[in-house]
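Before any comments, here is the structure.
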Amino acid sequence: GATTAKDSYKNIEYKQVPGSFSNRTIAGRRALSWTGEFKRERDGENWIELATLIYSEKAPGFVLLRTPAADVELLRAGYEALVESVRVP
């Protein structure tokens, strides 16, 4: 059958990278960033997840990047620039 977007993100062996949690400040707001690792179920490929939660009482922000592990360093600077540009009320 056809592969759906939902199937693309099925994963197994998900784990958060030890020591990857980082408290930070984004535009004056408290934030938490972390990295996860997993293998996709459909092909066993190693993937990385970069995540940042920006706290706000009105509307928290969440930025997520999932990419093949081989590409994460090529995308990290762009991900960080995006995170730093987020403004929440």
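Labels used: A, B, ... for chains in the order of the structure tokens, numbers from 1 for residues in each chain, and numbers from 1 for ligands as shown.
Those residues that approach Val72 of chain A to within 9 Å, counting only C-alpha atoms, are Trp47, Ile48, Glu49, Leu50, Arg66 and Thr67 of chain A; same-chain residues fewer than 5 positions away are not listed.
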Checklist entry - If you run DSSP on the backbone, which residues of segment 9-74 of chain A are helix (DSSP H, G or I), as number ranges by chain? => result A: 69-74
Save the residues we just selected, N, CA, C and O atoms, as a PDB file, in the first residue's frame?
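Generated output (selection.pdb):
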ATOM      1  N   ALA A  69      19.956  11.134  10.521  1.00  0.00           N
ATOM      2  CA  ALA A  69      21.107  11.468  11.369  1.00  0.00           C
ATOM      3  C   ALA A  69      22.272  12.020  10.550  1.00  0.00           C
ATOM      4  O   ALA A  69      22.974  12.924  10.997  1.00  0.00           O
ATOM      5  N   ALA A  70      22.451  11.518   9.345  1.00  0.00           N
ATOM      6  CA  ALA A  70      23.567  11.964   8.506  1.00  0.00           C
ATOM      7  C   ALA A  70      23.456  13.435   8.121  1.00  0.00           C
ATOM      8  O   ALA A  70      24.459  14.067   7.786  1.00  0.00           O
ATOM      9  N   ASP A  71      22.244  14.005   8.191  1.00  0.00           N
ATOM     10  CA  ASP A  71      22.031  15.386   7.754  1.00  0.00           C
ATOM     11  C   ASP A  71      21.922  16.398   8.883  1.00  0.00           C
ATOM     12  O   ASP A  71      21.827  17.597   8.631  1.00  0.00           O
ATOM     13  N   VAL A  72      21.925  15.948  10.129  1.00  0.00           N
ATOM     14  CA  VAL A  72      21.607  16.858  11.232  1.00  0.00           C
ATOM     15  C   VAL A  72      22.567  18.041  11.318  1.00  0.00           C
ATOM     16  O   VAL A  72      22.139  19.171  11.545  1.00  0.00           O
ATOM     17  N   GLU A  73      23.839  17.836  11.115  1.00  0.00           N
ATOM     18  CA  GLU A  73      24.781  18.955  11.241  1.00  0.00           C
ATOM     19  C   GLU A  73      24.624  19.955  10.104  1.00  0.00           C
ATOM     20  O   GLU A  73      24.873  21.143  10.289  1.00  0.00           O
ATOM     21  N   LEU A  74      24.166  19.505   8.951  1.00  0.00           N
ATOM     22  CA  LEU A  74      23.906  20.420   7.835  1.00  0.00           C
ATOM     23  C   LEU A  74      22.721  21.338   8.136  1.00  0.00           C
ATOM     24  O   LEU A  74      22.648  22.456   7.619  1.00  0.00           O
TER      25      LEU A  74
END
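Compared by their closest atoms to Leu64 of chain A, and using only C-alpha atoms, the residues A:Pro18, A:Gly36, A:Gly44, A:Pro89 rank with A:Gly36 nearest.
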Next on the checklist: List as a list in words the protein and nucleic acid residues near segment 78-86 of chain A, meaning an atom at most 8 Å away when only C-alpha atoms are counted, but skip any in the same chain fewer than 6 places from it.
Outcome noted: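 Listed by chain and then number, they are Ile26, Ala27, Thr52, Gly61, Val63 and Leu65 of chain A.
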Checklist entry - How would you write, as JSON, numbers by chain, the set of residues in chain A that DSSP gives as strand (DSSP E)? => result {"A": [11, 12, 13, 14, 15, 16, 22, 23, 24, 25, 26, 29, 30, 31, 32, 33, 34, 35, 36, 37, 38, 39, 40, 46, 47, 48, 49, 50, 51, 52, 53, 54, 61, 62, 63, 64, 65, 66, 67, 68]}
Item to check | Between atom CA of Ser22 of chain A and atom CA of Phe62 of chain A - distance in Å to one decimal | outcome: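 Atom CA of Ser22 of chain A lies 14.5 Å from atom CA of Phe62 of chain A.
Going from atom CA of Glu13 of chain A over to atom CA of Asn46 of chain A, you cover 9.9 Å.
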Next on the checklist: What's the separation between atom CA of Thr35 of chain A and atom CA of Leu75 of chain A, in Å to one decimal place?
Outcome noted: 13.5 Å
Item to check | Residue contacts of Arg24 of chain A (10 Å, only C-alpha atoms) excluding same-chain residues fewer than 4 positions away, as a ChimeraX atom specification | outcome: /A:28-33,52-54
Once you have the residues from the selection above, write them out as a compact mmCIF listing (two decimals), in the first residue's frame, restricted to N, CA, C and O atoms.
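The result, stored in selection.txt:
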# COMPACT_ATOMS: atom_id res chain seq x y z
N GLY A 28 13.66 36.57 25.59
CA GLY A 28 13.22 36.88 26.94
C GLY A 28 12.34 35.82 27.59
O GLY A 28 11.91 36.00 28.73
N ARG A 29 12.05 34.73 26.90
CA ARG A 29 11.21 33.66 27.44
C ARG A 29 12.06 32.44 27.79
O ARG A 29 13.02 32.12 27.09
N ARG A 30 11.66 31.78 28.88
CA ARG A 30 12.33 30.53 29.24
C ARG A 30 12.05 29.48 28.17
O ARG A 30 10.96 29.43 27.60
N ALA A 31 13.05 28.66 27.90
CA ALA A 31 12.90 27.61 26.88
C ALA A 31 13.72 26.39 27.29
O ALA A 31 14.64 26.48 28.10
N LEU A 32 13.34 25.25 26.74
CA LEU A 32 14.04 24.00 26.96
C LEU A 32 14.26 23.34 25.61
O LEU A 32 13.32 23.18 24.83
N SER A 33 15.50 22.97 25.33
CA SER A 33 15.84 22.26 24.09
C SER A 33 16.39 20.89 24.43
O SER A 33 17.00 20.70 25.48
N THR A 52 12.60 22.16 20.70
CA THR A 52 12.67 23.30 21.63
C THR A 52 11.26 23.71 22.01
O THR A 52 10.41 23.91 21.14
N LEU A 53 11.03 23.82 23.31
CA LEU A 53 9.77 24.30 23.86
C LEU A 53 10.02 25.67 24.47
O LEU A 53 10.92 25.82 25.31
N ILE A 54 9.25 26.67 24.02
CA ILE A 54 9.39 28.03 24.53
C ILE A 54 8.17 28.31 25.39
O ILE A 54 7.03 28.22 24.91
Checklist entry - Which is closer to Tyr14 of chain A than all the others in A:Glu41, A:Val88, A:Arg76, A:Tyr55, using only C-alpha atoms? => result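 Of all the options, A:Glu41 lies closest to Tyr14 of chain A.
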